[in-house]
Number of protein chains: 2
Amino acid sequence: MLESELYPLLSQSGFQIPRFRRFALNEPIALDFYPVALKVESPKIIHKSDIGGVSLSLSDNDALETARTQMVNRIAEHGIVLDPQDGFIATAMIQGEELFAGVVDDPIFGQIILFGKGGVLLELYRDVCYIDIHADEAEIIRALHTTKISKLFEGFRGSKPMTAEIVKFIQILQRFIKTHPNIRECDLNPVIFNAHGLHVVDARIDYHKTLPDNTPVTRHRNNFFDNRTVAVIGASTDPNKVGYAIARNALSFSGKLYLVNQKGGSFDGHPLLSSLDDINDTIDTAVITIPSHRVLETIEALIPKGVKNLIIVSAGFKEIGDTQSEERLSTLAQQHNLNIIGPNCLGYFEAKHSLNLTFGSPNIHKGSLALIAQSGAVLSSLMDKATQEGIGFSHILSAGNMADMNFADIIAMLTDSPECEAISLYAEGIRDGKAFLNSLRNCPKPIRVYKAGKSPQARKAAFSHTGNLSGDYPMFQGLLESVGVKIVDSLEALLYPRSFDNIAIITNAGGPGTILTDCIIERGAKLYTLTVRDIDALNAVLPSNWSNNNPIDIIGDAQSERFEAALRCVDAIEAIEMIYLLITPQMMTDTLNIVRLLEYPWKKPIYPILLGGAMMSDALSYLRKHTKPCFTTLHEASAFL
Amino acid sequence: MLESELYPLLSQSGFQIPRFRRFALNEPIALDFYPVALKVESPKIIHKSDIGGVSLSLSDNDALETARTQMVNRIAEHGIVLDPQDGFIATAMIQGEELFAGVVDDPIFGQIILFGKGGVLLELYRDVCYIDIHADEAEIIRALHTTKISKLFEGFRGSKPMTAEIVKFIQILQRFIKTHPNIRECDLNPVIFNAHGLHVVDARIDYHKTLPDNTPVTRHRNNFFDNRTVAVIGASTDPNKVGYAIARNALSFSGKLYLVNQKGGSFDGHPLLSSLDDINDTIDTAVITIPSHRVLETIEALIPKGVKNLIIVSAGFKEIGDTQSEERLSTLAQQHNLNIIGPNCLGYFEAKHSLNLTFGSPNIHKGSLALIAQSGAVLSSLMDKATQEGIGFSHILSAGNMADMNFADIIAMLTDSPECEAISLYAEGIRDGKAFLNSLRNCPKPIRVYKAGKSPQARKAAFSHTGNLSGDYPMFQGLLESVGVKIVDSLEALLYPRSFDNIAIITNAGGPGTILTDCIIERGAKLYTLTVRDIDALNAVLPSNWSNNNPIDIIGDAQSERFEAALRCVDAIEAIEMIYLLITPQMMTDTLNIVRLLEYPWKKPIYPILLGGAMMSDALSYLRKHTKPCFTTLHEASAFL
């Protein structure tokens, strides 16, 4: 589209544009506004600057006339013959900061707005944010805050705050996209920012030839958590088989359980039914762990039993190239309104009914955190760590290939579960980003996400692994942050859903206390500032050379008695939310006795950090044995903040 | 200084400046070069823009005349009366990218150049680098590379590479500073960058009233490593005392050892001498662990014994406010050419003579890494970890208060030691940054540094801890990187001095393999790309569904036999430098057998990563027992790359 066609379109859509005027090829050229830029307009010429088709800072009619003459000559030198319908456009030059606004039709997230610093620095600093076309004002502002350039809009150096103007501009762009749903790519570049707002100075729009079909499939799903009758299809007595581990874990179920194996026999005193026909009952939920070629027929046999939920552990679908069977699964789910988890997954755990349908740890602690993971290995590692550290779950969901239920469906389900108070998600690739964003937007619970595949190399690995597109990491991060999700940068941070402020550090080591302070501040959390009263209370129990400051350095010769005295004082300070007990192996340190202090029923959460090695091993073993969290590096200790 | 006085100064010093002309207050105003900026010049007016004392983009004599008239009026409205010697300066306006160059006289590093993106974005992006005035060309280029804006100089989007011009500019600035050693602060702002080079458009220079005395004290030190006779002053039989631990550790010394305690008696069969007079021998090195009030007199008594090296473990000097005694230590060191480590330190270890004068671990492994730390607690934690993981040291130095030997002295010493192949340093605050930089510059060995005190809060903690200034972190990081030091972001990375490229990952877990790939790429290291031949070799021993790619995912059901087969293939690939063995707790995983594979004499370094918890504990215990490195998080596993 030519600039002279574009400007009216932009102006009608609500954007501020510069004054402009179009001139036909040989029309007398004169204006009553200056300074201006003059550009050639021809469908033949895409990159105007490259052939000398742009002249800037023209200040009067003489300069304009000269610029046109020279421009015509330069174009001719490039061997381009202008047609009679070609011409020139003169636009008023506007001073200000060069910004960039754009739209991409992302394969995962659909139409997304990019906004940030423009010009040559766009490429150097990549200081842009990502805004969904459905984002409301709060979401837009959260997205803007992820850029550094946004400080410029917030009353920088005493200038007028302009955030409202920026939001208005983004909203105009959102409406523009909604009325042009076939935009494939659009660059408003540059957008000039000054005290009068934002001015779109140039634009380029690419359209899809045909309108992509983005009609969302809405489906009223059955309640996944309504599990009264459960069947394990493929329960095995061979301890080396997945079907053994699942059957063993399933035995703790508080509802009715059927174990099925075509060979019959018994499992730990429970009959192994050789056929589904032996079950004279409806089946709410079935977990399937038989070879993949028998999965579809088994599901068809389960449908008459009223099955609503299926957890397909069996592998051998899309991940090995069998997309046909996987599509059939998806079709079955839609036809019979089934909730299918998997295939190729580790299973499902639900605390409420003691329902452990995973082949992971049999000793899952109950709690209020729902953990969703796209990788079975990541899930089993986290479950194993959680078992060791006493971290409990309301739900564990191994998403697998997501033939039917994807992250959006799972998060929507968990949003309605009263047992789940927080959600942690490990994602590799996602599909239908708009639905995903929407489910996150509608969930009021704290959500943490770890996304694998930041580097192109890792994306390659993830692709070979899950067969899903892994997407552009900064876009993923930006969009999720704009809907209020916390992106974490370590797997382990998924196990600690709570953030803390007003943290206290009690330590026998100044140096590590300083480093932990750095770690806390870097995470955006903050240390509690001791009041005069707090210091008095600590003075009463600590040697005079303690740090008189938080980190509360109680000096290298501190033993458990002094740690206990400090802990009692600090635990009593109302405003403190959490306490780190940072212990280093100094000569006198009785580390085991210090960590035993955690047996007391303290008011605050206390996280011990054992910084060392051999000299810490007894204390570490003690904490492991008593399933208490314990960190051994300062990074690990602060990664979840 | 007025701009019209400054420009000639800058021009004479070699800087490109814009054309300019000064006009007296009522002089007729006209020029033969345009466009120009007009600015008022008066010692009364510091912030010209604030009172309307700047007019930009003036294109002819009429505009210039009008601008001056309006400017005079605006200044009068602000109540400022211009004096007869005041005037105006007109400067040619230069188009280009706005950069910034500056000089600060930093309390730690002395005169340092700052260079980077200028204008309003200087504050937003802080994209600046730090260059020492003594930096050579290579150092300048390394510093420039730490900025994003430097891409603009390297042939960005096909433009002419200009790095040589930038280096020349920095060198002009270095010479300028050397001829103006009393510069306290200088801003060349803006510096306009375009195809014709760099143009200093405005400048502000502040001078010290008196020239600071920066004459470096050069001292020819004795060789610290020449330790044949060692005395422990304060050897104690009380196991709760530091003097006990040091004496116990010192017993392994291969040279001549004297234990001194004024009470006399014996220590583990060795006599405790009650007085220094009982030693009829010269003493090369003494470690002192007696109460601080007796330290100075003891040193004076040691001097006649020919002592050269002192390790003062005793605390109670500057860190508790006794600067006088600490200064006395320093004076003694200078007068008698003593090498003093400490006071307030954990001691000294030297592998060559089995000399362990620390009160840390008695089981320090011998190796080729020198570890220096300013915090005793950090040092004891790292030593304990190293003991557990079988990491060996050539030297361990606890720097303490650095009354005499500072980091620069220690690094200079280690530069000359054939036993030391790499240096790791934990620093809180430093003094005499120029000498520090110089020692780093002159050391050809790989050096890693962890610096505490990134946040203001942590700097406060560090200050109360060591009594040293902690300095500006980005400057510290930038300057050290410019002299080729690797700044690490975790303490543990100090124990692994070697970086690796061409890394292989063997794993039973696709998801964690992807994440580890991300971690490796983020660190700037790279994964080895498998050749067709490598893939063929692996195909011969792995199931068909292995990843056919590095990370080498040998599938979740892998047991130790398959890990071994994969390891044999990968260990044989010449180009691979290091192998991660990434193990997750899947159903069939025999983790203990897998880590036992490390007993074989593999050609490459192999680092196991045990990602999980309870199910990994046997294997972890095995590795700990056999003093092998082992990581339990992906961050930890990759932090040293």
# chains A, B, ... in the order shown; residues from 1 in each chain; ligands from 1
$ residues_around --residues "segment 238-248 of chain A" --least-positions-apart "6" --cutoff "12 Å" --atoms "only C-alpha atoms" --output "PyMOL selection string"
(chain A and resi 230-232+257-261+266-272+286-291+311-315+344-349+355-363) or (chain B and resi 556-557+559+586-590)
$ write_last_selection --atoms "N, CA and C atoms" --output "short mmCIF file (atom, residue, chain, number, x, y, z; two decimals), in the first residue's frame"
data_model
loop_
_atom_site.label_atom_id
_atom_site.label_comp_id
_atom_site.auth_asym_id
_atom_site.auth_seq_id
_atom_site.Cartn_x
_atom_site.Cartn_y
_atom_site.Cartn_z
N VAL A 230 -12.53 -45.89 39.20
CA VAL A 230 -11.32 -45.79 38.40
C VAL A 230 -10.87 -47.17 37.92
N ALA A 231 -10.48 -47.27 36.68
CA ALA A 231 -9.94 -48.54 36.17
C ALA A 231 -8.50 -48.35 35.70
N VAL A 232 -7.63 -49.30 36.05
CA VAL A 232 -6.25 -49.30 35.53
C VAL A 232 -6.20 -50.35 34.43
N LEU A 257 -11.90 -49.11 42.74
CA LEU A 257 -10.80 -49.32 41.81
C LEU A 257 -10.93 -50.68 41.12
N TYR A 258 -10.78 -50.70 39.80
CA TYR A 258 -10.73 -51.96 39.06
C TYR A 258 -9.37 -52.06 38.37
N LEU A 259 -8.74 -53.23 38.51
CA LEU A 259 -7.47 -53.47 37.83
C LEU A 259 -7.73 -54.43 36.68
N VAL A 260 -7.29 -54.08 35.49
CA VAL A 260 -7.58 -54.88 34.31
C VAL A 260 -6.28 -55.36 33.67
N ASN A 261 -6.22 -56.66 33.38
CA ASN A 261 -5.09 -57.20 32.61
C ASN A 261 -5.64 -58.41 31.87
N SER A 266 -4.10 -62.02 39.86
CA SER A 266 -4.37 -61.05 40.93
C SER A 266 -3.16 -60.18 41.18
N PHE A 267 -3.40 -59.04 41.80
CA PHE A 267 -2.35 -58.06 42.09
C PHE A 267 -2.47 -57.70 43.56
N ASP A 268 -1.50 -58.13 44.33
CA ASP A 268 -1.46 -57.75 45.75
C ASP A 268 -2.82 -58.01 46.41
N GLY A 269 -3.42 -59.17 46.10
CA GLY A 269 -4.71 -59.52 46.70
C GLY A 269 -5.93 -58.98 45.97
N HIS A 270 -5.71 -58.12 44.98
CA HIS A 270 -6.85 -57.60 44.21
C HIS A 270 -6.97 -58.37 42.90
N PRO A 271 -8.20 -58.71 42.50
CA PRO A 271 -8.35 -59.47 41.24
C PRO A 271 -7.92 -58.63 40.04
N LEU A 272 -7.26 -59.29 39.08
CA LEU A 272 -6.96 -58.65 37.79
C LEU A 272 -8.03 -59.12 36.82
N ALA A 286 -10.32 -43.88 33.44
CA ALA A 286 -9.46 -45.03 33.17
C ALA A 286 -8.06 -44.54 32.88
N VAL A 287 -7.08 -45.24 33.44
CA VAL A 287 -5.69 -44.97 33.09
C VAL A 287 -5.24 -46.13 32.20
N ILE A 288 -4.64 -45.82 31.06
CA ILE A 288 -4.33 -46.83 30.06
C ILE A 288 -2.83 -46.95 29.89
N THR A 289 -2.33 -48.15 30.08
CA THR A 289 -0.87 -48.36 29.99
C THR A 289 -0.56 -49.65 29.23
N ILE A 290 -1.32 -49.86 28.14
CA ILE A 290 -1.12 -51.02 27.27
C ILE A 290 -0.43 -50.57 25.99
N PRO A 291 0.10 -51.49 25.18
CA PRO A 291 0.78 -51.06 23.94
C PRO A 291 -0.10 -50.17 23.08
N ILE A 311 -6.57 -41.25 31.12
CA ILE A 311 -5.16 -40.88 31.24
C ILE A 311 -4.38 -41.91 30.44
N ILE A 312 -3.88 -41.49 29.29
CA ILE A 312 -3.20 -42.43 28.41
C ILE A 312 -1.70 -42.33 28.62
N VAL A 313 -1.17 -43.26 29.38
CA VAL A 313 0.27 -43.30 29.69
C VAL A 313 1.04 -43.86 28.49
N SER A 314 0.43 -44.80 27.79
CA SER A 314 1.09 -45.46 26.66
C SER A 314 1.77 -44.48 25.72
N ALA A 315 2.99 -44.81 25.31
CA ALA A 315 3.70 -44.00 24.32
C ALA A 315 3.53 -44.66 22.95
N ASN A 344 1.43 -40.67 26.06
CA ASN A 344 2.86 -40.52 26.30
C ASN A 344 3.09 -39.65 27.53
N CYS A 345 2.46 -40.06 28.63
CA CYS A 345 2.60 -39.25 29.85
C CYS A 345 2.88 -40.13 31.06
N LEU A 346 3.14 -39.46 32.16
CA LEU A 346 3.54 -40.14 33.40
C LEU A 346 2.35 -40.41 34.30
N GLY A 347 1.17 -39.83 33.95
CA GLY A 347 -0.02 -40.11 34.72
C GLY A 347 -0.58 -38.90 35.45
N TYR A 348 -1.38 -39.19 36.46
CA TYR A 348 -2.18 -38.16 37.12
C TYR A 348 -2.25 -38.45 38.61
N PHE A 349 -2.14 -37.38 39.41
CA PHE A 349 -2.31 -37.51 40.86
C PHE A 349 -3.31 -36.48 41.35
N LEU A 355 -5.72 -40.33 44.96
CA LEU A 355 -5.68 -41.00 43.65
C LEU A 355 -4.33 -40.76 42.99
N ASN A 356 -3.46 -41.77 43.05
CA ASN A 356 -2.14 -41.67 42.42
C ASN A 356 -2.11 -42.58 41.21
N LEU A 357 -2.36 -42.04 40.04
CA LEU A 357 -2.33 -42.81 38.81
C LEU A 357 -1.06 -42.52 38.02
N THR A 358 0.04 -42.25 38.74
CA THR A 358 1.32 -42.03 38.07
C THR A 358 2.19 -43.28 38.25
N PHE A 359 3.22 -43.37 37.41
CA PHE A 359 4.22 -44.40 37.71
C PHE A 359 5.46 -43.76 38.34
N GLY A 360 5.24 -42.59 38.95
CA GLY A 360 6.31 -41.93 39.71
C GLY A 360 6.27 -42.39 41.15
N SER A 361 6.70 -41.47 42.04
CA SER A 361 6.83 -41.80 43.46
C SER A 361 5.50 -42.27 44.05
N PRO A 362 5.52 -43.34 44.88
CA PRO A 362 4.29 -43.75 45.58
C PRO A 362 4.01 -42.87 46.80
N ASN A 363 5.01 -42.07 47.19
CA ASN A 363 4.86 -41.29 48.44
C ASN A 363 4.68 -39.81 48.16
N GLY B 556 14.00 -42.91 28.25
CA GLY B 556 13.68 -43.04 29.68
C GLY B 556 13.94 -44.40 30.30
N ASP B 557 13.91 -45.46 29.51
CA ASP B 557 14.11 -46.79 30.11
C ASP B 557 15.58 -47.21 30.14
N GLN B 559 19.18 -48.09 31.17
CA GLN B 559 19.86 -48.52 32.40
C GLN B 559 21.35 -48.37 32.20
N GLN B 586 13.79 -42.18 36.59
CA GLN B 586 12.66 -42.80 35.92
C GLN B 586 12.51 -44.21 36.49
N MET B 587 11.46 -44.87 36.10
CA MET B 587 11.12 -46.13 36.77
C MET B 587 12.26 -47.14 36.82
N MET B 588 12.96 -47.29 35.68
CA MET B 588 13.93 -48.37 35.56
C MET B 588 15.35 -47.90 35.87
N THR B 589 15.52 -46.62 36.21
CA THR B 589 16.87 -46.05 36.29
C THR B 589 17.66 -46.65 37.45
N ASP B 590 18.76 -47.33 37.16
CA ASP B 590 19.65 -47.85 38.22
C ASP B 590 20.77 -46.84 38.44
#
$ closest_atom_pairs --of "chain B" --to "chain A" --cutoff "7 Å" --atoms "only C-alpha atoms" --output "Markdown table"
| residue | atom | partner | partner_atom | distance |
| --- | --- | --- | --- | --- |
| B:Leu124 | CA | A:Lys148 | CA | 6.0 |
| B:Tyr125 | CA | A:Lys148 | CA | 6.9 |
| B:Lys148 | CA | A:Leu124 | CA | 6.0 |
| B:Ile149 | CA | A:Leu124 | CA | 6.6 |
| B:Asn240 | CA | A:Met588 | CA | 6.8 |
| B:Ser375 | CA | A:Gly511 | CA | 5.4 |
| B:Ala377 | CA | A:Ala509 | CA | 5.4 |
| B:Val378 | CA | A:Pro512 | CA | 6.1 |
| B:Ser380 | CA | A:Pro585 | CA | 6.3 |
| B:Ser381 | CA | A:Gly612 | CA | 4.1 |
| B:Leu382 | CA | A:Gly612 | CA | 6.1 |
| B:Asp384 | CA | A:Gly613 | CA | 4.8 |
| B:Lys385 | CA | A:Gly613 | CA | 3.9 |
| B:Thr387 | CA | A:Ala614 | CA | 6.8 |
| B:Gln388 | CA | A:Ala614 | CA | 5.1 |
| B:Ala452 | CA | A:Ile515 | CA | 5.5 |
| B:Gly453 | CA | A:Asp518 | CA | 6.4 |
| B:Lys454 | CA | A:Asp518 | CA | 5.8 |
| B:Ser455 | CA | A:Asp518 | CA | 5.5 |
| B:Gln457 | CA | A:Thr517 | CA | 6.9 |
| B:Ala458 | CA | A:Thr514 | CA | 5.0 |
| B:Ala461 | CA | A:Thr514 | CA | 5.7 |
| B:Ala462 | CA | A:Thr514 | CA | 6.0 |
| B:Ser464 | CA | A:Ser547 | CA | 6.9 |
| B:His465 | CA | A:Gly510 | CA | 6.0 |
| B:Ala509 | CA | A:Ala377 | CA | 5.4 |
| B:Gly510 | CA | A:His465 | CA | 6.0 |
| B:Gly511 | CA | A:Ser375 | CA | 5.4 |
| B:Pro512 | CA | A:Val378 | CA | 6.1 |
| B:Thr514 | CA | A:Ala458 | CA | 5.0 |
| B:Ile515 | CA | A:Ala452 | CA | 5.4 |
| B:Thr517 | CA | A:Ala458 | CA | 5.4 |
| B:Asp518 | CA | A:Ser455 | CA | 5.5 |
| B:Ile521 | CA | A:Ser455 | CA | 6.7 |
| B:Ser547 | CA | A:Ser464 | CA | 6.9 |
| B:Thr584 | CA | A:Ser381 | CA | 5.9 |
| B:Pro585 | CA | A:Ser381 | CA | 6.0 |
| B:Gln586 | CA | A:Ser380 | CA | 6.6 |
| B:Met588 | CA | A:Asn240 | CA | 6.9 |
| B:Leu611 | CA | A:Ser381 | CA | 5.6 |
| B:Gly612 | CA | A:Ser381 | CA | 4.1 |
| B:Gly613 | CA | A:Lys385 | CA | 3.9 |
| B:Ala614 | CA | A:Gln388 | CA | 5.1 |
| B:Met615 | CA | A:Asp384 | CA | 6.5 |
$ write_last_selection --atoms "N, CA and C atoms" --output "tab-separated table (two decimals), in the first residue's frame"
chain	number	residue	atom	x	y	z
B	124	LEU	N	18.42	5.33	30.50
B	124	LEU	CA	17.48	4.20	30.39
B	124	LEU	C	18.20	2.88	30.17
B	125	TYR	N	19.17	2.87	29.26
B	125	TYR	CA	19.78	1.59	28.90
B	125	TYR	C	21.12	1.32	29.59
B	148	LYS	N	26.20	-3.03	23.76
B	148	LYS	CA	25.40	-3.40	22.60
B	148	LYS	C	25.61	-2.40	21.46
B	149	ILE	N	25.85	-1.15	21.83
B	149	ILE	CA	25.99	-0.11	20.81
B	149	ILE	C	27.22	-0.37	19.95
B	240	ASN	N	38.72	-26.49	71.02
B	240	ASN	CA	37.77	-25.44	70.65
B	240	ASN	C	38.46	-24.18	70.15
B	375	SER	N	36.53	-13.41	52.43
B	375	SER	CA	35.66	-13.80	53.53
B	375	SER	C	36.07	-15.18	54.00
B	377	ALA	N	34.38	-17.17	55.83
B	377	ALA	CA	33.24	-18.10	55.75
B	377	ALA	C	33.06	-18.61	54.34
B	378	VAL	N	33.22	-17.72	53.36
B	378	VAL	CA	33.13	-18.16	51.96
B	378	VAL	C	34.23	-19.18	51.70
B	380	SER	N	35.81	-21.14	53.88
B	380	SER	CA	35.62	-22.43	54.55
B	380	SER	C	34.52	-23.23	53.85
B	381	SER	N	33.49	-22.55	53.35
B	381	SER	CA	32.43	-23.25	52.61
B	381	SER	C	32.99	-23.87	51.34
B	382	LEU	N	33.77	-23.09	50.60
B	382	LEU	CA	34.32	-23.60	49.34
B	382	LEU	C	35.33	-24.72	49.59
B	384	ASP	N	35.28	-26.77	52.09
B	384	ASP	CA	34.52	-27.95	52.52
B	384	ASP	C	33.90	-28.64	51.30
B	385	LYS	N	33.40	-27.84	50.39
B	385	LYS	CA	32.81	-28.39	49.17
B	385	LYS	C	33.89	-29.07	48.32
B	387	THR	N	36.69	-30.33	49.35
B	387	THR	CA	37.09	-31.57	50.02
B	387	THR	C	36.14	-32.69	49.62
B	388	GLN	N	34.86	-32.38	49.62
B	388	GLN	CA	33.84	-33.38	49.30
B	388	GLN	C	33.92	-33.82	47.84
B	452	ALA	N	31.10	-9.79	45.56
B	452	ALA	CA	29.88	-9.56	46.34
B	452	ALA	C	29.58	-8.07	46.38
B	453	GLY	N	28.34	-7.74	46.64
B	453	GLY	CA	27.97	-6.33	46.80
B	453	GLY	C	27.47	-5.72	45.52
B	454	LYS	N	26.55	-6.42	44.82
B	454	LYS	CA	25.97	-5.85	43.60
B	454	LYS	C	24.92	-4.80	43.95
B	455	SER	N	24.14	-5.08	44.98
B	455	SER	CA	23.04	-4.19	45.35
B	455	SER	C	23.51	-3.23	46.43
B	457	GLN	N	22.05	-2.59	49.16
B	457	GLN	CA	21.85	-3.25	50.45
B	457	GLN	C	23.02	-4.16	50.79
B	458	ALA	N	23.48	-4.90	49.77
B	458	ALA	CA	24.59	-5.82	50.01
B	458	ALA	C	25.86	-5.03	50.28
B	461	ALA	N	25.97	-4.24	53.81
B	461	ALA	CA	26.37	-5.42	54.60
B	461	ALA	C	27.87	-5.65	54.47
B	462	ALA	N	28.41	-5.51	53.26
B	462	ALA	CA	29.83	-5.77	53.05
B	462	ALA	C	30.66	-4.74	53.80
B	464	SER	N	29.91	-3.10	56.56
B	464	SER	CA	29.95	-3.39	57.99
B	464	SER	C	30.82	-4.62	58.22
B	465	HIS	N	31.01	-5.41	57.18
B	465	HIS	CA	31.75	-6.65	57.35
B	465	HIS	C	33.26	-6.46	57.20
B	509	ALA	N	16.56	-38.34	29.60
B	509	ALA	CA	15.43	-37.42	29.78
B	509	ALA	C	15.47	-36.29	28.76
B	510	GLY	N	14.51	-36.26	27.87
B	510	GLY	CA	14.48	-35.22	26.84
B	510	GLY	C	14.29	-33.82	27.39
B	511	GLY	N	13.31	-33.64	28.27
B	511	GLY	CA	13.01	-32.30	28.81
B	511	GLY	C	14.21	-31.68	29.50
B	512	PRO	N	14.76	-32.34	30.51
B	512	PRO	CA	15.94	-31.77	31.17
B	512	PRO	C	17.11	-31.57	30.21
B	514	THR	N	16.86	-30.59	27.16
B	514	THR	CA	16.55	-29.31	26.51
B	514	THR	C	16.94	-28.14	27.42
B	515	ILE	N	16.59	-28.25	28.70
B	515	ILE	CA	16.87	-27.14	29.62
B	515	ILE	C	18.38	-26.97	29.78
B	517	THR	N	20.61	-27.66	27.64
B	517	THR	CA	21.06	-27.02	26.41
B	517	THR	C	20.91	-25.50	26.53
B	518	ASP	N	19.73	-25.06	26.98
B	518	ASP	CA	19.51	-23.63	27.20
B	518	ASP	C	20.58	-23.06	28.13
B	521	ILE	N	24.01	-22.74	26.37
B	521	ILE	CA	24.02	-21.67	25.37
B	521	ILE	C	24.03	-20.30	26.06
B	547	SER	N	17.66	-39.84	20.40
B	547	SER	CA	17.37	-38.53	19.81
B	547	SER	C	18.07	-38.23	18.48
B	584	THR	N	17.84	-38.68	35.38
B	584	THR	CA	16.60	-38.38	36.10
B	584	THR	C	16.04	-39.70	36.64
B	585	PRO	N	15.26	-39.61	37.71
B	585	PRO	CA	14.77	-40.84	38.35
B	585	PRO	C	13.56	-41.38	37.63
B	586	GLN	N	13.79	-42.18	36.59
B	586	GLN	CA	12.66	-42.80	35.92
B	586	GLN	C	12.51	-44.21	36.49
B	588	MET	N	12.96	-47.29	35.68
B	588	MET	CA	13.93	-48.37	35.56
B	588	MET	C	15.35	-47.90	35.87
B	611	LEU	N	19.26	-35.30	38.89
B	611	LEU	CA	18.13	-34.38	38.97
B	611	LEU	C	16.97	-35.08	39.67
B	612	GLY	N	16.78	-34.83	40.93
B	612	GLY	CA	15.68	-35.49	41.64
B	612	GLY	C	15.87	-35.30	43.12
B	613	GLY	N	15.51	-36.32	43.90
B	613	GLY	CA	15.62	-36.20	45.34
B	613	GLY	C	15.88	-37.54	45.96
B	614	ALA	N	14.86	-38.06	46.64
B	614	ALA	CA	15.01	-39.29	47.43
B	614	ALA	C	15.58	-40.44	46.61
B	615	MET	N	15.10	-40.61	45.36
B	615	MET	CA	15.53	-41.77	44.58
B	615	MET	C	16.99	-41.65	44.11
$ residues_around --residues "Ser368 of chain A" --least-positions-apart "3" --cutoff "12 Å" --atoms "only C-alpha atoms" --output "list in words"
Glu350, Ala351, Lys352, His365, Leu371, Ile391, Gly392, Phe393, Ser394, His395, Ile396, Leu414, Ser417, Pro418, Glu419, Cys420, Glu421, Ala422, Ile423, Ser424, Lys445, Pro446, Leu495, Tyr496, Pro497 and Arg498 of chain A
$ select_by_dssp --residues "segment 16-75 of chain A" --states "strand (DSSP E)" --output "ChimeraX atom specification"
/A:20-24,36-41,54-58
$ residues_around --residues "Ile45 of chain B" --least-positions-apart "6" --cutoff "10 Å" --atoms "only C-alpha atoms" --output "PDB file with C-alpha atoms, in the first residue's frame"
ATOM      1  CA  ILE B  51      16.389  29.222  30.849  1.00  0.00           C
ATOM      2  CA  GLY B  53      19.651  29.610  26.391  1.00  0.00           C
ATOM      3  CA  ILE B  75      17.286  35.173  29.829  1.00  0.00           C
ATOM      4  CA  ILE B  80      19.625  37.121  34.729  1.00  0.00           C
ATOM      5  CA  LEU B  82      24.329  39.296  31.125  1.00  0.00           C
TER       6      LEU B  82
END
$ closest_residue --among "A:Leu440, A:Asp132, A:Gly102, A:Pro190" --to "Asp206 of chain A" --atoms "only C-alpha atoms"
A:Gly102
$ select_by_dssp --residues "segment 205-433 of chain B" --states "alpha helix (DSSP H)" --output "ChimeraX atom specification"
/B:242-250,295-302,323-335,376-389,407-415,433
$ closest_residue --among "A:Thr298, A:Gly14, A:Tyr207, A:Leu25" --to "Phe169 of chain A" --atoms "only C-alpha atoms"
A:Gly14
$ residues_around --residues "Ile170 of chain A" --least-positions-apart "3" --cutoff "9 Å" --atoms "only C-alpha atoms" --output "list in words"
Ala101, Ile113, Phe115, Ile131, Ile133, Ile140, Glu165, Ile166, Val167, Leu173, Gln174 and Arg175 of chain A
$ residues_around --residues "Tyr34 of chain A" --least-positions-apart "3" --cutoff "12 Å" --atoms "only C-alpha atoms" --output "ChimeraX atom specification"
/A:18-21,30-31,37-38,56-64,90-94
$ closest_residue --among "B:Leu425, B:Ala399, B:Leu479, B:Leu10" --to "Ala143 of chain B" --atoms "only C-alpha atoms"
B:Leu479
$ residues_around --residues "Asp409 of chain A" --least-positions-apart "6" --cutoff "9 Å" --atoms "only C-alpha atoms" --output "list in words"
Arg221, Ala435, Phe436 and Ser439 of chain A
$ decode --residues "segment 7-19 of chain A" --atoms "C-alpha atoms" --output "compact mmCIF listing (two decimals), in the first residue's frame"
# COMPACT_ATOMS: atom_id res chain seq x y z
CA TYR A 7 -2.31 7.72 5.92
CA PRO A 8 -6.06 8.21 5.40
CA LEU A 9 -6.60 4.62 6.53
CA LEU A 10 -4.50 5.19 9.68
CA SER A 11 -6.12 8.52 10.37
CA GLN A 12 -9.63 7.11 10.04
CA SER A 13 -8.63 4.33 12.45
CA GLY A 14 -7.77 6.94 15.07
CA PHE A 15 -3.95 7.22 14.74
CA GLN A 16 -2.24 10.62 14.74
CA ILE A 17 -0.38 11.06 11.47
CA PRO A 18 1.82 13.87 10.15
CA ARG A 19 0.42 16.47 7.73
